[in-house]
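Structure file input-v9.json with JSON, C-alpha atoms:
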[["chain", "number", "residue", "atom", "x", "y", "z"],
["A", 1, "ALA", "CA", 92.33, 88.63, 106.72],
["A", 2, "LEU", "CA", 91.48, 88.80, 110.45],
["A", 3, "TRP", "CA", 88.14, 87.09, 109.76],
["A", 4, "ALA", "CA", 89.89, 84.26, 107.89],
["A", 5, "LEU", "CA", 92.31, 83.81, 110.81],
["A", 6, "GLY", "CA", 89.45, 83.54, 113.30],
["A", 7, "ALA", "CA", 90.45, 86.74, 115.14],
["A", 8, "LEU", "CA", 87.01, 88.36, 114.79],
["A", 9, "LYS", "CA", 83.89, 87.22, 116.63],
["A", 10, "HIS", "CA", 81.59, 88.15, 113.74],
["A", 11, "GLU", "CA", 81.81, 88.51, 109.98],
["A", 12, "PRO", "CA", 82.91, 92.01, 108.87],
["A", 13, "PRO", "CA", 80.50, 94.16, 106.84],
["A", 14, "ALA", "CA", 80.47, 93.72, 103.07],
["A", 15, "PHE", "CA", 80.70, 96.55, 100.58],
["A", 16, "ALA", "CA", 78.13, 96.61, 97.78],
["A", 17, "TYR", "CA", 78.69, 98.30, 94.43],
["A", 18, "PHE", "CA", 76.30, 101.01, 93.36],
["A", 19, "ASP", "CA", 76.12, 102.75, 90.00],
["A", 20, "PRO", "CA", 76.27, 106.56, 90.47],
["A", 21, "GLU", "CA", 74.66, 107.10, 87.06],
["A", 22, "LEU", "CA", 71.38, 105.75, 88.45],
["A", 23, "SER", "CA", 71.06, 108.77, 90.78],
["A", 24, "GLU", "CA", 72.72, 111.55, 88.75],
["A", 25, "HIS", "CA", 69.34, 112.90, 87.60],
["A", 26, "LEU", "CA", 68.17, 113.63, 91.17],
["A", 27, "GLU", "CA", 68.13, 117.21, 92.46],
["A", 28, "VAL", "CA", 70.72, 118.27, 95.01],
["A", 29, "GLU", "CA", 70.58, 121.29, 97.33],
["A", 30, "TYR", "CA", 73.77, 122.88, 98.65],
["A", 31, "LYS", "CA", 74.21, 125.12, 101.64],
["A", 32, "GLU", "CA", 77.36, 126.87, 102.78],
["A", 33, "VAL", "CA", 77.98, 126.85, 106.52],
["A", 34, "ARG", "CA", 80.74, 128.90, 108.07],
["A", 35, "VAL", "CA", 82.98, 127.18, 110.59],
["A", 36, "PRO", "CA", 85.88, 128.59, 112.64],
["A", 37, "ARG", "CA", 88.98, 129.41, 110.61],
["A", 38, "ALA", "CA", 91.43, 126.51, 110.52],
["A", 39, "GLU", "CA", 94.19, 125.15, 108.31],
["A", 40, "GLN", "CA", 92.56, 121.71, 108.26],
["A", 41, "THR", "CA", 88.82, 121.24, 108.56],
["A", 42, "HIS", "CA", 89.17, 117.50, 108.59],
["A", 43, "GLU", "CA", 86.40, 114.92, 109.24],
["A", 44, "VAL", "CA", 82.60, 114.92, 109.47],
["A", 45, "CYS", "CA", 80.25, 112.67, 111.47],
["A", 46, "TYR", "CA", 76.43, 112.82, 111.80],
["A", 47, "GLU", "CA", 75.17, 111.93, 115.29],
["A", 48, "PRO", "CA", 71.46, 110.90, 115.10],
["A", 49, "VAL", "CA", 70.45, 111.30, 118.78],
["A", 50, "THR", "CA", 71.34, 115.02, 118.86],
["A", 51, "ARG", "CA", 70.58, 115.42, 115.12],
["A", 52, "CYS", "CA", 73.89, 117.26, 114.71],
["A", 53, "VAL", "CA", 76.81, 117.10, 112.33],
["A", 54, "PHE", "CA", 80.21, 117.18, 114.04],
["A", 55, "VAL", "CA", 83.33, 118.41, 112.25],
["A", 56, "SER", "CA", 86.93, 118.03, 113.42],
["A", 57, "GLN", "CA", 89.50, 120.73, 112.76],
["A", 58, "MET", "CA", 92.86, 119.08, 113.29],
["A", 59, "SER", "CA", 95.25, 122.03, 113.04],
["A", 60, "ASN", "CA", 93.66, 123.93, 115.94],
["A", 61, "SER", "CA", 92.00, 120.91, 117.67],
["A", 62, "VAL", "CA", 88.48, 122.34, 117.45],
["A", 63, "LEU", "CA", 85.25, 120.31, 117.40],
["A", 64, "VAL", "CA", 82.36, 122.04, 115.58],
["A", 65, "ARG", "CA", 78.72, 121.05, 116.17],
["A", 66, "ILE", "CA", 76.09, 121.99, 113.56],
["A", 67, "PRO", "CA", 72.40, 121.15, 114.16],
["A", 68, "VAL", "CA", 70.39, 119.62, 111.31],
["A", 69, "ALA", "CA", 66.86, 120.90, 110.57],
["A", 70, "PRO", "CA", 63.96, 118.42, 110.25],
["A", 71, "GLY", "CA", 64.17, 118.75, 106.44],
["A", 72, "GLY", "CA", 67.82, 117.71, 106.49],
["A", 73, "MET", "CA", 69.51, 121.07, 105.89],
["A", 74, "LEU", "CA", 72.23, 122.34, 108.24],
["A", 75, "LEU", "CA", 71.17, 125.19, 110.53],
["A", 76, "ASP", "CA", 73.15, 128.41, 110.99],
["A", 77, "ASP", "CA", 73.56, 127.76, 114.72],
["A", 78, "GLN", "CA", 77.02, 126.25, 115.14],
["A", 79, "ASP", "CA", 79.07, 126.04, 118.28],
["A", 80, "ALA", "CA", 82.67, 124.91, 118.72],
["A", 81, "TRP", "CA", 85.10, 123.78, 121.43],
["A", 82, "HIS", "CA", 88.83, 123.31, 121.73],
["A", 83, "VAL", "CA", 89.47, 119.67, 122.60],
["A", 84, "GLY", "CA", 92.64, 119.00, 124.55],
["A", 85, "PRO", "CA", 95.33, 121.45, 125.67],
["A", 86, "VAL", "CA", 95.72, 125.00, 124.29],
["A", 87, "ASP", "CA", 98.77, 127.25, 124.04],
["A", 88, "GLU", "CA", 99.18, 130.75, 125.50],
["A", 89, "LYS", "CA", 97.44, 132.26, 122.42],
["A", 90, "GLY", "CA", 94.43, 129.97, 122.85],
["A", 91, "ASP", "CA", 95.25, 127.72, 119.89],
["A", 92, "GLY", "CA", 94.49, 124.02, 120.33],
["A", 93, "LEU", "CA", 97.42, 121.60, 120.54],
["A", 94, "GLY", "CA", 95.68, 118.21, 120.81],
["A", 95, "GLY", "CA", 95.43, 117.37, 117.11],
["A", 96, "LEU", "CA", 91.73, 116.42, 117.09],
["A", 97, "HIS", "CA", 91.50, 114.00, 114.20],
["A", 98, "ASN", "CA", 88.86, 111.29, 113.95],
["A", 99, "LEU", "CA", 85.18, 111.26, 114.94],
["A", 100, "SER", "CA", 82.98, 108.17, 115.10],
["A", 101, "LEU", "CA", 79.73, 106.99, 116.69],
["A", 102, "SER", "CA", 79.56, 104.73, 119.73],
["A", 103, "PRO", "CA", 77.11, 101.86, 119.09],
["A", 104, "SER", "CA", 76.98, 100.88, 122.78],
["A", 105, "HIS", "CA", 76.54, 104.49, 123.97],
["A", 106, "PRO", "CA", 73.94, 106.17, 121.70],
["A", 107, "GLY", "CA", 74.38, 109.95, 121.70],
["A", 108, "HIS", "CA", 78.15, 109.66, 122.24],
["A", 109, "LEU", "CA", 81.15, 110.15, 119.96],
["A", 110, "TRP", "CA", 84.65, 108.72, 119.98],
["A", 111, "LEU", "CA", 87.33, 111.35, 119.32],
["A", 112, "SER", "CA", 91.03, 110.83, 118.70],
["A", 113, "LEU", "CA", 93.65, 113.37, 119.83],
["A", 114, "GLN", "CA", 96.67, 112.56, 117.70],
["A", 115, "PHE", "CA", 99.22, 114.74, 119.45],
["A", 116, "CYS", "CA", 98.11, 113.86, 123.01],
["A", 117, "ASN", "CA", 97.94, 110.09, 122.36],
["A", 118, "GLU", "CA", 94.39, 109.98, 123.72],
["A", 119, "VAL", "CA", 91.02, 108.61, 122.67],
["A", 120, "LEU", "CA", 87.91, 110.16, 124.24],
["A", 121, "LEU", "CA", 84.29, 109.09, 124.51],
["A", 122, "VAL", "CA", 82.19, 112.26, 124.82],
["A", 123, "GLU", "CA", 78.47, 112.85, 125.24],
["A", 124, "ALA", "CA", 77.44, 114.70, 122.08],
["A", 125, "ALA", "CA", 74.78, 116.90, 123.73],
["A", 126, "THR", "CA", 76.95, 118.20, 126.59],
["A", 127, "MET", "CA", 80.56, 117.50, 125.48],
["A", 128, "LYS", "CA", 81.09, 115.76, 128.84],
["A", 129, "ILE", "CA", 83.98, 113.28, 128.69],
["A", 130, "LYS", "CA", 82.77, 109.80, 129.67],
["A", 131, "HIS", "CA", 86.01, 107.83, 129.05],
["A", 132, "LEU", "CA", 89.60, 108.78, 128.28],
["A", 133, "LEU", "CA", 92.01, 106.13, 127.00],
["A", 134, "LYS", "CA", 95.74, 106.67, 126.60],
["A", 135, "THR", "CA", 97.34, 105.00, 123.59],
["A", 136, "PRO", "CA", 100.87, 103.58, 123.55],
["A", 137, "THR", "CA", 103.74, 105.61, 122.13],
["A", 138, "MET", "CA", 106.50, 102.99, 122.33],
["A", 139, "LEU", "CA", 106.20, 99.30, 121.54],
["A", 140, "VAL", "CA", 108.70, 96.48, 121.88],
["A", 141, "ARG", "CA", 109.10, 94.05, 118.98],
["A", 142, "PRO", "CA", 109.65, 90.32, 119.58],
["A", 143, "ASP", "CA", 113.40, 90.90, 119.00],
["A", 144, "ARG", "CA", 113.24, 93.42, 121.91],
["A", 145, "THR", "CA", 113.91, 96.52, 119.80],
["A", 146, "ALA", "CA", 111.74, 99.52, 120.61],
["A", 147, "VAL", "CA", 109.49, 101.09, 118.00],
["A", 148, "ARG", "CA", 108.01, 104.58, 118.33],
["A", 149, "VAL", "CA", 104.40, 104.70, 117.13],
["A", 150, "GLY", "CA", 102.42, 107.81, 116.30],
["A", 151, "GLY", "CA", 99.23, 109.00, 117.91],
["A", 152, "PRO", "CA", 95.71, 107.68, 117.34],
["A", 153, "HIS", "CA", 94.63, 108.29, 113.77],
["A", 154, "CYS", "CA", 91.25, 106.55, 113.64],
["A", 155, "VAL", "CA", 88.95, 105.06, 116.29],
["A", 156, "ARG", "CA", 85.99, 102.70, 115.87],
["A", 157, "GLU", "CA", 83.84, 100.76, 118.33],
["A", 158, "CYS", "CA", 82.56, 97.36, 117.24],
["A", 159, "GLY", "CA", 78.77, 97.30, 117.57],
["A", 160, "GLU", "CA", 78.76, 93.58, 118.32],
["A", 161, "THR", "CA", 81.74, 93.01, 120.61],
["A", 162, "GLY", "CA", 82.21, 96.48, 122.14],
["A", 163, "LEU", "CA", 85.93, 96.38, 121.30],
["A", 164, "ILE", "CA", 87.51, 99.77, 120.68],
["A", 165, "TRP", "CA", 89.79, 99.67, 117.63],
["A", 166, "VAL", "CA", 92.35, 102.47, 117.33],
["A", 167, "ALA", "CA", 94.62, 102.79, 114.32],
["A", 168, "LEU", "CA", 97.89, 104.35, 115.42],
["A", 169, "LYS", "CA", 100.16, 106.14, 112.97],
["A", 170, "VAL", "CA", 103.15, 104.11, 111.82],
["A", 171, "TRP", "CA", 101.70, 100.65, 111.24],
["A", 172, "ALA", "CA", 100.16, 99.83, 114.60],
["A", 173, "LEU", "CA", 96.69, 98.92, 115.81],
["A", 174, "PHE", "CA", 95.60, 99.28, 119.45],
["A", 175, "VAL", "CA", 92.57, 97.26, 120.60],
["A", 176, "CYS", "CA", 90.92, 98.00, 123.92],
["A", 177, "SER", "CA", 88.04, 96.31, 125.68],
["A", 178, "ARG", "CA", 86.37, 97.12, 128.95],
["A", 179, "SER", "CA", 85.40, 94.07, 130.96],
["A", 180, "ARG", "CA", 84.10, 94.20, 134.53],
["A", 181, "GLY", "CA", 85.63, 97.64, 135.06],
["A", 182, "ARG", "CA", 89.10, 96.51, 133.96],
["A", 183, "ARG", "CA", 90.75, 97.62, 130.76],
["A", 184, "ARG", "CA", 92.49, 95.05, 128.60],
["A", 185, "ALA", "CA", 94.54, 96.15, 125.60],
["A", 186, "ARG", "CA", 96.45, 94.53, 122.78],
["A", 187, "VAL", "CA", 98.68, 96.13, 120.18],
["A", 188, "PHE", "CA", 99.37, 94.69, 116.75],
["A", 189, "LEU", "CA", 102.38, 95.85, 114.73],
["A", 190, "LYS", "CA", 102.55, 95.42, 110.99],
["A", 191, "HIS", "CA", 105.94, 93.96, 110.08]]

Could you take the file, read its structure, and then write that structure out as structure tokens?
Amino acid sequence: ALWALGALKHEPPAFAYFDPELSEHLEVEYKEVRVPRAEQTHEVCYEPVTRCVFVSQMSNSVLVRIPVAPGGMLLDDQDAWHVGPVDEKGDGLGGLHNLSLSPSHPGHLWLSLQFCNEVLLVEAATMKIKHLLKTPTMLVRPDRTAVRVGGPHCVRECGETGLIWVALKVWALFVCSRSRGRRRARVFLKH
């Protein structure tokens, strides 16, 4: 719909159908990898520069990094970090949710912290934070009524425009661009 309205600068990707029966006869190898205990081991993202798989654990806000061997199997050499604040028992409170690649910063990942209302760009090899963006928590409708929106659920960077798209919980979308060192943001509410 945004493409039809002229809001996008390039055509969105198309989805192609594939028939799973054409590949059902192929062999598959499975490997079990232990990760830190969590109520919600949530999302997975492969980062090609570091050749690692990253896994988010939302309930304790832990990011797990698992190296991939040259043959494609996961190695038993994981490490993990709390992302965001921790409580007095050492449990994470940030609500680490989404992981995605940064097309304009190879070797970096975008992370969303749902409970902190933050989006982070981190260097995958060192876990150094390169950018931290705060997302809105209250928005004003055209009729001037305030709407509370939830934290960042999903984050994606457009490989062509560099725009950062953040889906907020409760029907909102936050778009951020960096231009000449200044941050410009727009928020769209679904009515």

Next item on the list: Quick one: everything within 10 Å of Ser104 of chain A, counting all atoms listed in the file, minus sequence neighbours fewer than 3 positions away in the same chain. Send it as number ranges by chain.
Entry: A: 101, 107-108, 157-162

Pick out the residues sitting within 12 Å of Thr50 of chain A, and hand them over as a PDB file with C-alpha atoms, in the frame of the given file; count all atoms listed in the file, and ignore anything fewer than 3 positions along from it in its own chain.
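Result file is around_8.pdb:
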ATOM      1  CA  CYS A  45      80.250 112.670 111.470  1.00  0.00           C
ATOM      2  CA  TYR A  46      76.430 112.820 111.800  1.00  0.00           C
ATOM      3  CA  GLU A  47      75.170 111.930 115.290  1.00  0.00           C
ATOM      4  CA  VAL A  53      76.810 117.100 112.330  1.00  0.00           C
ATOM      5  CA  PHE A  54      80.210 117.180 114.040  1.00  0.00           C
ATOM      6  CA  ARG A  65      78.720 121.050 116.170  1.00  0.00           C
ATOM      7  CA  ILE A  66      76.090 121.990 113.560  1.00  0.00           C
ATOM      8  CA  PRO A  67      72.400 121.150 114.160  1.00  0.00           C
ATOM      9  CA  VAL A  68      70.390 119.620 111.310  1.00  0.00           C
ATOM     10  CA  ALA A  69      66.860 120.900 110.570  1.00  0.00           C
ATOM     11  CA  PRO A  70      63.960 118.420 110.250  1.00  0.00           C
ATOM     12  CA  LEU A 101      79.730 106.990 116.690  1.00  0.00           C
ATOM     13  CA  PRO A 106      73.940 106.170 121.700  1.00  0.00           C
ATOM     14  CA  GLY A 107      74.380 109.950 121.700  1.00  0.00           C
ATOM     15  CA  HIS A 108      78.150 109.660 122.240  1.00  0.00           C
ATOM     16  CA  LEU A 109      81.150 110.150 119.960  1.00  0.00           C
ATOM     17  CA  GLU A 123      78.470 112.850 125.240  1.00  0.00           C
ATOM     18  CA  ALA A 124      77.440 114.700 122.080  1.00  0.00           C
ATOM     19  CA  ALA A 125      74.780 116.900 123.730  1.00  0.00           C
ATOM     20  CA  THR A 126      76.950 118.200 126.590  1.00  0.00           C
ATOM     21  CA  MET A 127      80.560 117.500 125.480  1.00  0.00           C
TER      22      MET A 127
END

Next item on the list: Name all residues at most 10 Å from Val33 of chain A (count all atoms listed in the file; drop same-chain ones fewer than 5 positions away) and give them as a PyMOL selection string.
Entry: chain A and resi 66+74-78

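Closest approach to Met138 of chain A among A:His153, A:Lys31, A:Lys169, A:Lys9: A:Lys169, based on only C-alpha atoms.
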
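One finds atom CA of His105 of chain A at 15.5 Å from atom CA of Trp165 of chain A.
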
Item checked: Sel. within 6 Å of pt (85.5, 103.6, 113.9), counting all atoms listed in the file, output as a ChimeraX atom specification -> /A:100,155-157

Go ahead and dump the residues you just picked, C-alpha atoms, as a PDB file, in the coordinates of the input.
ATOM      1  CA  SER A 100      82.980 108.170 115.100  1.00  0.00           C
ATOM      2  CA  VAL A 155      88.950 105.060 116.290  1.00  0.00           C
ATOM      3  CA  ARG A 156      85.990 102.700 115.870  1.00  0.00           C
ATOM      4  CA  GLU A 157      83.840 100.760 118.330  1.00  0.00           C
TER       5      GLU A 157
END

Note to self: One number please: atom CA of Ser102 of chain A to atom CA of Asn117 of chain A, in Å, one decimal.
What the structure shows: 19.3 Å

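Atom to atom, atom CA of Asn60 of chain A and atom CA of Gly90 of chain A stand 9.2 Å apart.
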
Notebook entry, point to check: So which one's closest to His97 of chain A, A:His42, A:His10, A:Lys128, A:Arg37? Using all atoms listed in the file, please.
Noted result: A:His42

Notebook entry, point to check: If I put a ball of radius 6 Å at (93.4, 104.1, 122.1) in the file's coordinates, which residues poke into it when counting only C-alpha atoms, written as a ChimeraX atom specification?
Noted result: /A:119,133-135,166,174
